[in-house]
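Listing of input-v1.cif, mmCIF, C-alpha atoms
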```cif
data_final
loop_
_atom_site.label_atom_id
_atom_site.label_comp_id
_atom_site.auth_asym_id
_atom_site.auth_seq_id
_atom_site.Cartn_x
_atom_site.Cartn_y
_atom_site.Cartn_z
CA MET E 1 -16.79 23.82 -18.48
CA ILE E 2 -15.08 22.25 -15.47
CA LYS E 3 -14.73 24.63 -12.57
CA ASP E 4 -11.29 25.41 -11.23
CA SER E 5 -12.25 23.99 -7.85
CA GLU E 6 -13.07 20.64 -9.50
CA LYS E 7 -9.74 20.62 -11.27
CA THR E 8 -7.94 21.34 -8.00
CA LYS E 9 -9.86 18.58 -6.25
CA ALA E 10 -8.97 16.09 -9.00
CA ARG E 11 -5.30 17.07 -8.82
CA LEU E 12 -5.40 16.70 -5.03
CA LEU E 13 -6.95 13.24 -5.23
CA ALA E 14 -4.36 12.08 -7.74
CA ALA E 15 -1.50 13.42 -5.63
CA ALA E 16 -2.98 11.97 -2.43
CA THR E 17 -3.41 8.55 -4.08
CA ALA E 18 0.26 8.44 -5.02
CA GLU E 19 1.39 9.74 -1.63
CA PHE E 20 -0.75 7.31 0.42
CA ALA E 21 0.18 4.37 -1.84
CA GLU E 22 3.86 5.05 -1.28
CA PHE E 23 3.95 6.06 2.39
CA GLY E 24 0.73 4.88 4.03
CA ILE E 25 -1.57 6.93 6.25
CA ALA E 26 0.90 7.84 9.01
CA GLY E 27 3.75 8.30 6.57
CA ALA E 28 1.90 10.54 4.12
CA ARG E 29 2.69 14.25 4.30
CA ILE E 30 -0.05 16.77 3.59
CA ASP E 31 2.48 19.38 2.47
CA ARG E 32 3.95 17.02 -0.14
CA ILE E 33 0.45 16.34 -1.48
CA ALA E 34 -0.29 20.09 -1.64
CA LYS E 35 2.98 20.76 -3.45
CA VAL E 36 2.45 18.05 -6.08
CA ALA E 37 -1.14 19.24 -6.63
CA GLU E 38 0.09 22.83 -6.93
CA THR E 39 -2.11 24.13 -4.16
CA ASN E 40 -1.76 24.62 -0.40
CA LYS E 41 -2.53 22.69 2.78
CA ALA E 42 -5.49 24.91 3.66
CA MET E 43 -7.30 23.83 0.48
CA ILE E 44 -6.88 20.17 1.44
CA TYR E 45 -8.40 20.72 4.86
CA ALA E 46 -11.18 22.81 3.33
CA TYR E 47 -12.09 20.18 0.73
CA PHE E 48 -11.46 16.94 2.59
CA GLY E 49 -11.20 17.63 6.33
CA SER E 50 -8.37 15.80 8.08
CA LYS E 51 -5.61 13.61 6.65
CA ASP E 52 -7.61 10.56 7.78
CA GLU E 53 -10.67 11.78 5.92
CA LEU E 54 -8.57 12.42 2.83
CA PHE E 55 -7.36 8.83 3.00
CA ASP E 56 -10.95 7.59 3.30
CA THR E 57 -11.89 9.53 0.18
CA VAL E 58 -8.90 8.21 -1.75
CA PHE E 59 -9.52 4.66 -0.61
CA SER E 60 -13.25 4.70 -1.31
CA THR E 61 -12.88 6.12 -4.79
CA HIS E 62 -9.75 4.28 -5.80
CA VAL E 63 -10.20 0.86 -4.24
CA GLY E 64 -13.81 0.52 -3.14
CA ALA E 65 -15.34 1.82 -6.32
CA THR E 66 -12.86 0.21 -8.69
CA LEU E 67 -13.15 -3.19 -7.05
CA GLY E 68 -16.81 -3.09 -8.01
CA ARG E 69 -15.79 -2.72 -11.64
CA VAL E 70 -14.01 -6.09 -11.84
CA ASP E 71 -16.83 -8.19 -13.22
CA PHE E 72 -17.77 -10.83 -10.67
CA ASP E 73 -19.04 -13.84 -12.62
CA VAL E 74 -20.20 -16.61 -10.29
CA SER E 75 -20.47 -19.02 -13.19
CA ASP E 76 -16.77 -18.61 -14.01
CA LEU E 77 -14.80 -17.81 -10.88
CA PRO E 78 -11.38 -18.78 -12.31
CA SER E 79 -11.80 -16.06 -14.96
CA TYR E 80 -12.89 -13.60 -12.28
CA ALA E 81 -9.71 -14.42 -10.35
CA GLY E 82 -7.71 -13.75 -13.53
CA ARG E 83 -9.37 -10.36 -13.96
CA LEU E 84 -8.74 -9.51 -10.32
CA PHE E 85 -5.09 -10.44 -10.84
CA ASP E 86 -4.96 -8.16 -13.91
CA TRP E 87 -6.55 -5.32 -12.01
CA PHE E 88 -3.94 -5.44 -9.25
CA GLU E 89 -1.12 -5.90 -11.80
CA ASP E 90 -2.20 -2.89 -13.81
CA ASP E 91 -2.64 -0.68 -10.76
CA PRO E 92 -0.11 -1.58 -8.07
CA ALA E 93 -1.26 1.43 -6.02
CA ALA E 94 -4.58 -0.33 -5.39
CA LEU E 95 -3.03 -3.25 -3.54
CA ARG E 96 -0.67 -0.99 -1.62
CA LEU E 97 -3.56 1.24 -0.51
CA SER E 98 -5.53 -1.84 0.57
CA THR E 99 -2.58 -3.14 2.51
CA TRP E 100 -1.84 0.12 4.32
CA TYR E 101 -5.55 0.29 5.12
CA ARG E 102 -5.43 -3.16 6.68
CA LEU E 103 -2.29 -2.37 8.69
CA GLU E 104 -3.24 1.10 9.87
CA ARG E 105 -7.00 0.68 10.31
CA PRO E 106 -7.20 -2.82 11.77
CA THR E 107 -10.16 -2.08 14.00
CA GLY E 108 -11.70 0.80 12.11
CA VAL E 109 -15.27 0.91 10.93
CA GLY E 110 -15.64 -0.78 7.55
CA LEU E 111 -15.90 1.37 4.48
CA GLN E 112 -19.46 1.28 3.21
CA ALA E 113 -18.38 0.66 -0.40
CA VAL E 114 -16.40 -2.43 0.59
CA VAL E 115 -19.04 -3.78 2.96
CA LEU E 116 -21.61 -3.51 0.19
CA ILE E 117 -19.47 -5.24 -2.45
CA ASN E 118 -18.76 -8.14 -0.09
CA GLN E 119 -22.42 -8.51 0.76
CA VAL E 120 -23.57 -8.59 -2.85
CA ARG E 121 -20.91 -11.15 -3.75
CA LEU E 122 -21.67 -13.43 -0.83
CA GLU E 123 -25.34 -13.40 -1.80
CA ARG E 124 -24.58 -14.22 -5.42
CA LEU E 125 -22.33 -17.13 -4.43
CA GLU E 126 -25.01 -18.43 -2.07
CA ARG E 127 -27.67 -18.27 -4.75
CA ALA E 128 -25.42 -20.03 -7.28
CA GLN E 129 -24.89 -22.84 -4.77
CA ARG E 130 -28.61 -23.05 -3.98
CA GLU E 131 -29.37 -23.30 -7.69
CA GLY E 132 -26.73 -25.99 -8.18
CA ALA E 133 -24.54 -23.85 -10.45
CA LEU E 134 -21.61 -23.91 -8.03
CA ALA E 135 -20.09 -26.73 -5.95
CA LYS E 136 -20.88 -26.52 -2.24
CA HIS E 137 -17.74 -27.87 -0.58
CA PHE E 138 -16.66 -24.32 0.30
CA GLU E 139 -19.07 -21.80 1.76
CA PRO E 140 -19.37 -18.38 0.06
CA ILE E 141 -17.22 -16.59 2.63
CA GLN E 142 -14.49 -19.22 2.24
CA LEU E 143 -14.56 -18.84 -1.53
CA LEU E 144 -14.36 -15.07 -1.41
CA SER E 145 -11.44 -15.13 1.02
CA LEU E 146 -9.53 -17.82 -0.89
CA ILE E 147 -10.06 -16.28 -4.33
CA GLN E 148 -8.89 -12.87 -3.14
CA ALA E 149 -5.80 -14.41 -1.55
CA ILE E 150 -4.95 -16.47 -4.61
CA ALA E 151 -5.48 -13.56 -7.03
CA THR E 152 -2.97 -11.48 -5.08
CA SER E 153 -0.66 -14.34 -4.11
CA TRP E 154 2.35 -13.27 -6.17
CA ALA E 155 2.10 -9.71 -4.92
CA THR E 156 1.80 -10.67 -1.26
CA THR E 157 4.49 -13.31 -1.05
CA ASN E 158 7.78 -12.43 0.62
CA PRO E 159 9.82 -10.18 -1.69
CA GLU E 160 12.68 -12.67 -1.83
CA LEU E 161 10.37 -15.21 -3.48
CA GLY E 162 8.54 -12.59 -5.51
CA VAL E 163 11.75 -11.38 -7.14
CA ALA E 164 12.40 -14.86 -8.46
CA ALA E 165 8.95 -15.03 -9.99
CA THR E 166 7.90 -11.62 -11.20
CA THR E 167 9.22 -11.75 -14.73
CA ASP E 168 6.49 -13.61 -16.59
CA ARG E 169 3.06 -12.12 -16.03
CA ASN E 170 1.23 -14.76 -18.06
CA TYR E 171 2.79 -17.49 -15.96
CA ARG E 172 1.66 -15.83 -12.76
CA ARG E 173 -1.81 -15.19 -14.14
CA GLN E 174 -2.19 -18.80 -15.24
CA THR E 175 -1.16 -19.94 -11.75
CA VAL E 176 -4.04 -17.92 -10.29
CA VAL E 177 -6.62 -19.19 -12.78
CA ASP E 178 -5.51 -22.83 -12.41
CA ALA E 179 -5.50 -22.66 -8.62
CA VAL E 180 -9.07 -21.36 -8.48
CA LYS E 181 -10.14 -24.03 -10.97
CA ARG E 182 -8.76 -26.69 -8.66
CA LEU E 183 -10.55 -25.17 -5.66
CA LEU E 184 -13.88 -25.59 -7.40
CA THR E 185 -13.63 -29.09 -8.84
CA MET U 1 24.86 -15.37 34.56
CA ILE U 2 23.41 -13.15 31.85
CA LYS U 3 25.24 -9.87 31.47
CA ASP U 4 23.32 -6.62 31.91
CA SER U 5 24.10 -5.66 28.33
CA GLU U 6 22.43 -8.86 27.10
CA LYS U 7 19.36 -8.14 29.17
CA THR U 8 19.16 -4.61 27.79
CA LYS U 9 19.52 -5.92 24.25
CA ALA U 10 16.74 -8.45 24.80
CA ARG U 11 14.44 -5.75 26.23
CA LEU U 12 15.25 -3.51 23.26
CA LEU U 13 14.47 -6.25 20.75
CA ALA U 14 11.14 -7.01 22.43
CA ALA U 15 10.19 -3.34 22.52
CA ALA U 16 11.33 -2.79 18.93
CA THR U 17 9.32 -5.82 17.74
CA ALA U 18 6.14 -4.42 19.26
CA GLU U 19 6.83 -0.91 17.98
CA PHE U 20 7.64 -1.97 14.40
CA ALA U 21 4.68 -4.39 14.30
CA GLU U 22 2.32 -1.61 15.26
CA PHE U 23 3.73 1.35 13.33
CA GLY U 24 6.01 0.01 10.58
CA ILE U 25 9.53 1.20 9.77
CA ALA U 26 8.78 4.85 8.99
CA GLY U 27 6.20 5.10 11.76
CA ALA U 28 8.32 3.55 14.53
CA ARG U 29 9.83 5.96 17.03
CA ILE U 30 13.23 5.22 18.51
CA ASP U 31 12.46 7.20 21.65
CA ARG U 32 9.32 5.14 22.33
CA ILE U 33 11.36 1.95 21.96
CA ALA U 34 14.01 3.30 24.34
CA LYS U 35 11.38 4.29 26.88
CA VAL U 36 9.60 0.91 26.85
CA ALA U 37 12.96 -0.89 27.12
CA GLU U 38 13.95 1.40 30.00
CA THR U 39 17.10 2.61 28.33
CA ASN U 40 18.04 5.51 26.05
CA LYS U 41 18.35 6.20 22.34
CA ALA U 42 22.14 6.23 22.44
CA MET U 43 22.16 2.58 23.53
CA ILE U 44 19.98 1.61 20.56
CA TYR U 45 22.35 3.27 18.11
CA ALA U 46 25.35 1.73 19.86
CA TYR U 47 23.91 -1.80 19.78
CA PHE U 48 22.05 -1.85 16.47
CA GLY U 49 23.17 1.10 14.33
CA SER U 50 20.34 2.96 12.59
CA LYS U 51 16.57 2.49 12.86
CA ASP U 52 16.69 0.57 9.56
CA GLU U 53 19.33 -1.77 10.93
CA LEU U 54 17.28 -2.29 14.08
CA PHE U 55 14.34 -3.28 11.89
CA ASP U 56 16.53 -5.74 9.98
CA THR U 57 17.60 -7.35 13.24
CA VAL U 58 14.01 -7.57 14.49
CA PHE U 59 12.77 -8.95 11.19
CA SER U 60 15.55 -11.50 10.80
CA THR U 61 15.20 -12.86 14.31
CA HIS U 62 11.43 -12.67 14.58
CA VAL U 63 10.25 -13.62 11.11
CA GLY U 64 13.17 -15.11 9.21
CA ALA U 65 14.32 -17.40 11.96
CA THR U 66 10.87 -18.33 13.20
CA LEU U 67 9.58 -19.15 9.73
CA GLY U 68 12.27 -21.80 9.59
CA ARG U 69 10.74 -23.40 12.69
CA VAL U 70 7.41 -24.21 11.03
CA ASP U 71 8.09 -27.76 9.96
CA PHE U 72 7.96 -27.96 6.16
CA ASP U 73 6.76 -31.45 5.26
CA VAL U 74 6.66 -31.96 1.48
CA SER U 75 4.77 -35.23 1.93
CA ASP U 76 1.91 -33.43 3.70
CA LEU U 77 1.61 -29.86 2.48
CA PRO U 78 -1.98 -29.34 3.71
CA SER U 79 -0.77 -29.96 7.27
CA TYR U 80 2.15 -27.60 6.69
CA ALA U 81 -0.34 -24.94 5.58
CA GLY U 82 -2.31 -25.55 8.78
CA ARG U 83 0.82 -25.09 10.90
CA LEU U 84 1.72 -21.93 9.01
CA PHE U 85 -1.81 -20.66 9.67
CA ASP U 86 -1.37 -21.46 13.40
CA TRP U 87 1.95 -19.71 13.52
CA PHE U 88 0.53 -16.47 12.12
CA GLU U 89 -2.58 -16.77 14.34
CA ASP U 90 -0.52 -17.21 17.48
CA ASP U 91 1.83 -14.37 16.64
CA PRO U 92 -0.01 -11.61 14.76
CA ALA U 93 3.11 -9.43 14.98
CA ALA U 94 4.87 -11.79 12.57
CA LEU U 95 2.45 -11.13 9.71
CA ARG U 96 2.34 -7.41 10.40
CA LEU U 97 6.17 -7.21 10.36
CA SER U 98 6.25 -9.15 7.08
CA THR U 99 3.67 -6.85 5.57
CA TRP U 100 5.42 -3.63 6.62
CA TYR U 101 8.61 -5.11 5.24
CA ARG U 102 6.94 -5.76 1.91
CA LEU U 103 5.42 -2.26 1.75
CA GLU U 104 8.42 -0.32 2.96
CA ARG U 105 11.25 -2.34 1.42
CA PRO U 106 9.79 -3.25 -1.96
CA THR U 107 13.07 -3.11 -3.80
CA GLY U 108 15.43 -3.80 -0.92
CA VAL U 109 18.03 -6.51 -0.94
CA GLY U 110 16.53 -9.78 0.26
CA LEU U 111 17.18 -10.89 3.79
CA GLN U 112 19.61 -13.79 3.74
CA ALA U 113 17.53 -15.85 6.18
CA VAL U 114 14.45 -15.64 3.94
CA VAL U 115 16.36 -16.25 0.71
CA LEU U 116 17.83 -19.38 2.23
CA ILE U 117 14.52 -20.76 3.51
CA ASN U 118 12.89 -20.26 0.11
CA GLN U 119 15.75 -21.96 -1.65
CA VAL U 120 15.72 -25.01 0.59
CA ARG U 121 11.95 -25.37 0.21
CA LEU U 122 11.98 -25.02 -3.56
CA GLU U 123 14.64 -27.73 -3.75
CA ARG U 124 12.67 -30.07 -1.50
CA LEU U 125 9.51 -29.60 -3.57
CA GLU U 126 11.45 -30.24 -6.75
CA ARG U 127 12.96 -33.42 -5.40
CA ALA U 128 9.56 -34.68 -4.20
CA GLN U 129 8.17 -34.12 -7.69
CA ARG U 130 11.15 -35.83 -9.32
CA GLU U 131 10.70 -38.82 -7.01
CA GLY U 132 6.98 -38.99 -7.77
CA ALA U 133 5.90 -38.15 -4.21
CA LEU U 134 4.18 -34.92 -5.24
CA ALA U 135 1.91 -34.11 -8.20
CA LYS U 136 3.57 -32.02 -10.89
CA HIS U 137 0.76 -29.80 -12.19
CA PHE U 138 2.14 -26.86 -10.22
CA GLU U 139 5.83 -26.00 -10.22
CA PRO U 140 7.58 -25.58 -6.86
CA ILE U 141 7.55 -21.79 -6.96
CA GLN U 142 3.81 -21.79 -7.73
CA LEU U 143 3.15 -24.12 -4.81
CA LEU U 144 5.16 -22.05 -2.38
CA SER U 145 3.46 -18.83 -3.43
CA LEU U 146 -0.06 -20.34 -3.36
CA ILE U 147 0.37 -22.12 -0.03
CA GLN U 148 1.70 -18.98 1.65
CA ALA U 149 -1.21 -16.95 0.27
CA ILE U 150 -3.82 -19.50 1.32
CA ALA U 151 -2.35 -19.94 4.81
CA THR U 152 -2.64 -16.21 5.43
CA SER U 153 -5.84 -15.69 3.41
CA TRP U 154 -8.10 -14.79 6.35
CA ALA U 155 -5.57 -12.35 7.73
CA THR U 156 -4.96 -10.59 4.41
CA THR U 157 -8.51 -10.25 3.21
CA ASN U 158 -10.18 -6.86 3.40
CA PRO U 159 -11.08 -6.09 7.03
CA GLU U 160 -14.78 -5.80 6.22
CA LEU U 161 -14.82 -9.45 5.14
CA GLY U 162 -12.38 -10.51 7.83
CA VAL U 163 -14.59 -9.16 10.59
CA ALA U 164 -17.43 -11.38 9.43
CA ALA U 165 -15.22 -14.43 9.55
CA THR U 166 -12.74 -14.14 12.37
CA THR U 167 -14.73 -15.74 15.15
CA ASP U 168 -14.12 -19.44 14.60
CA ARG U 169 -10.45 -20.26 14.32
CA ASN U 170 -11.02 -23.95 13.58
CA TYR U 171 -13.29 -23.06 10.70
CA ARG U 172 -10.67 -20.77 9.20
CA ARG U 173 -7.90 -23.34 9.75
CA GLN U 174 -9.93 -26.05 8.06
CA THR U 175 -10.53 -23.76 5.08
CA VAL U 176 -6.76 -23.42 4.64
CA VAL U 177 -6.07 -27.15 4.95
CA ASP U 178 -8.92 -28.10 2.59
CA ALA U 179 -7.90 -25.52 -0.01
CA VAL U 180 -4.30 -26.81 -0.14
CA LYS U 181 -5.61 -30.37 -0.38
CA ARG U 182 -7.63 -29.40 -3.44
CA LEU U 183 -4.62 -27.70 -5.02
CA LEU U 184 -2.68 -30.93 -4.87
CA THR U 185 -5.22 -33.47 -6.09
#
```

Using structure tokens, write down the structure from this file.
Amino acid sequence: MIKDSEKTKARLLAAATAEFAEFGIAGARIDRIAKVAETNKAMIYAYFGSKDELFDTVFSTHVGATLGRVDFDVSDLPSYAGRLFDWFEDDPAALRLSTWYRLERPTGVGLQAVVLINQVRLERLERAQREGALAKHFEPIQLLSLIQAIATSWATTNPELGVAATTDRNYRRQTVVDAVKRLLT
Amino acid sequence: MIKDSEKTKARLLAAATAEFAEFGIAGARIDRIAKVAETNKAMIYAYFGSKDELFDTVFSTHVGATLGRVDFDVSDLPSYAGRLFDWFEDDPAALRLSTWYRLERPTGVGLQAVVLINQVRLERLERAQREGALAKHFEPIQLLSLIQAIATSWATTNPELGVAATTDRNYRRQTVVDAVKRLLT
């Protein structure tokens, strides 16, 4: 049996995810989150601390943890880029949360979940290059930065261009996969 | 001789640019802008209308117009990507304003300045491909989207990765130029 407090927490996290994705950290309103989650502000502070801490929890669970679930295959980086594209397409809140995080926490301490994922991936790229399984013209950190940028390229372009291009998902996905292929050959 | 009203307007635009770059549209405070510009809120409303209209003016002049100044050379797109990288490096407010705009105006009507720049560039890419001066494996809209994403890749990556990589500007610039080269060959 799930305890009531766990249910309330889950409802609060879902409501906070939607609120932060739409309005960012500064723009989010604790009373709106409480209302949507059918509880009160005091419960939020009791469970999560401050609004900033609530954002950290949302971001760590929603973005940090989920990012780790997109299978990172060093032997087939174009396919990885395609999966990353799919992940951001299927969950637009994830990219919005990441972007607010970047804008509103530019000098903050890195989230441990994200630091760890980066570190593991850099090491795997390095090993693949050492073992000759991956071309060496880009260093691991360059590859990681470029692949992330390319996978989210359609979502981060100026809206005026995006509007002209958002209709065909397969077309956009293929662009991402092909671009990463060209980076590596 | 520059009229006092022009000087006040210029001070207001500078203050508004800094305020919107730091806090976004929802987060910006009209009274802070007025204070920094050494005037009062009533003058802002008289000159620019609402806070949203003030943002439009800031964005159009700062981003829309300036973007047009980065020389777009279809015969050397890697160099264009390098210049775009430089432009965003030299003026971090530009990328922040663009990103707030994307987050806070996702379904807004496109700014005329940006629509026009995109259109001209797409046409130039198309003509270069028709004339055989540019490889055709990517369509113009794919190229524009990919080049923009690559040029800003270091600035849009997750901060945890960015921190590890932000020290050497030449290294980051070369990554951008090399990546666009590989896209085109």

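Picked out by the PyMOL selection byres ((chain E) within 7 of (chain U)) when it runs on this file: Ala26, Gly27, Arg102, Pro106, Gly110, Val114, Val115, Asn118, Gln142, Ser145, Leu146, Gln148, Ala149, Ile150, Ser153, Trp154, Thr157, Asn158, Pro159, Glu160, Leu161, Thr175, Ala179, Arg182 and Leu183 of chain E.
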
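Picture a line from atom CA of Arg83 of chain U to atom CA of Gln129 of chain U; it runs 21.9 Å.
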
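Each of U:Leu67, U:Leu13, U:Leu84, U:Ala34 was compared to Glu53 of chain U using all atoms listed in the file, and U:Leu13 turns out to be the nearest.
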
What do you get, as an mmCIF file with C-alpha atoms, in the frame of the given file, if you spell out every residue that the PyMOL selection byres ((chain E and resi 42-46) around 9) selects here?
```cif
data_model
loop_
_atom_site.group_PDB
_atom_site.id
_atom_site.type_symbol
_atom_site.label_atom_id
_atom_site.label_comp_id
_atom_site.auth_asym_id
_atom_site.auth_seq_id
_atom_site.Cartn_x
_atom_site.Cartn_y
_atom_site.Cartn_z
ATOM 1 C CA THR E 8 -7.940 21.340 -8.000
ATOM 2 C CA LYS E 9 -9.860 18.580 -6.250
ATOM 3 C CA LEU E 12 -5.400 16.700 -5.030
ATOM 4 C CA ILE E 30 -0.050 16.770 3.590
ATOM 5 C CA ILE E 33 0.450 16.340 -1.480
ATOM 6 C CA ALA E 34 -0.290 20.090 -1.640
ATOM 7 C CA THR E 39 -2.110 24.130 -4.160
ATOM 8 C CA ASN E 40 -1.760 24.620 -0.400
ATOM 9 C CA LYS E 41 -2.530 22.690 2.780
ATOM 10 C CA TYR E 47 -12.090 20.180 0.730
ATOM 11 C CA PHE E 48 -11.460 16.940 2.590
ATOM 12 C CA GLY E 49 -11.200 17.630 6.330
ATOM 13 C CA SER E 50 -8.370 15.800 8.080
ATOM 14 C CA LYS E 51 -5.610 13.610 6.650
ATOM 15 C CA LEU E 54 -8.570 12.420 2.830
#
```

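You can rank E:Ala81, E:Ala94, E:Ala16, E:Val70 by their closest distance to Arg173 of chain E using all atoms listed in the file, and at the top of that list sits E:Ala81.
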
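Considering the residues U:Ser79, U:His62, U:Glu19, U:Glu6 and counting all atoms listed in the file, Asp91 of chain U has its shortest atom-to-atom contact with U:His62.
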
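In this model, the gap between atom CA of Gly82 of chain E and atom CA of Pro140 of chain E comes to 18.5 Å.
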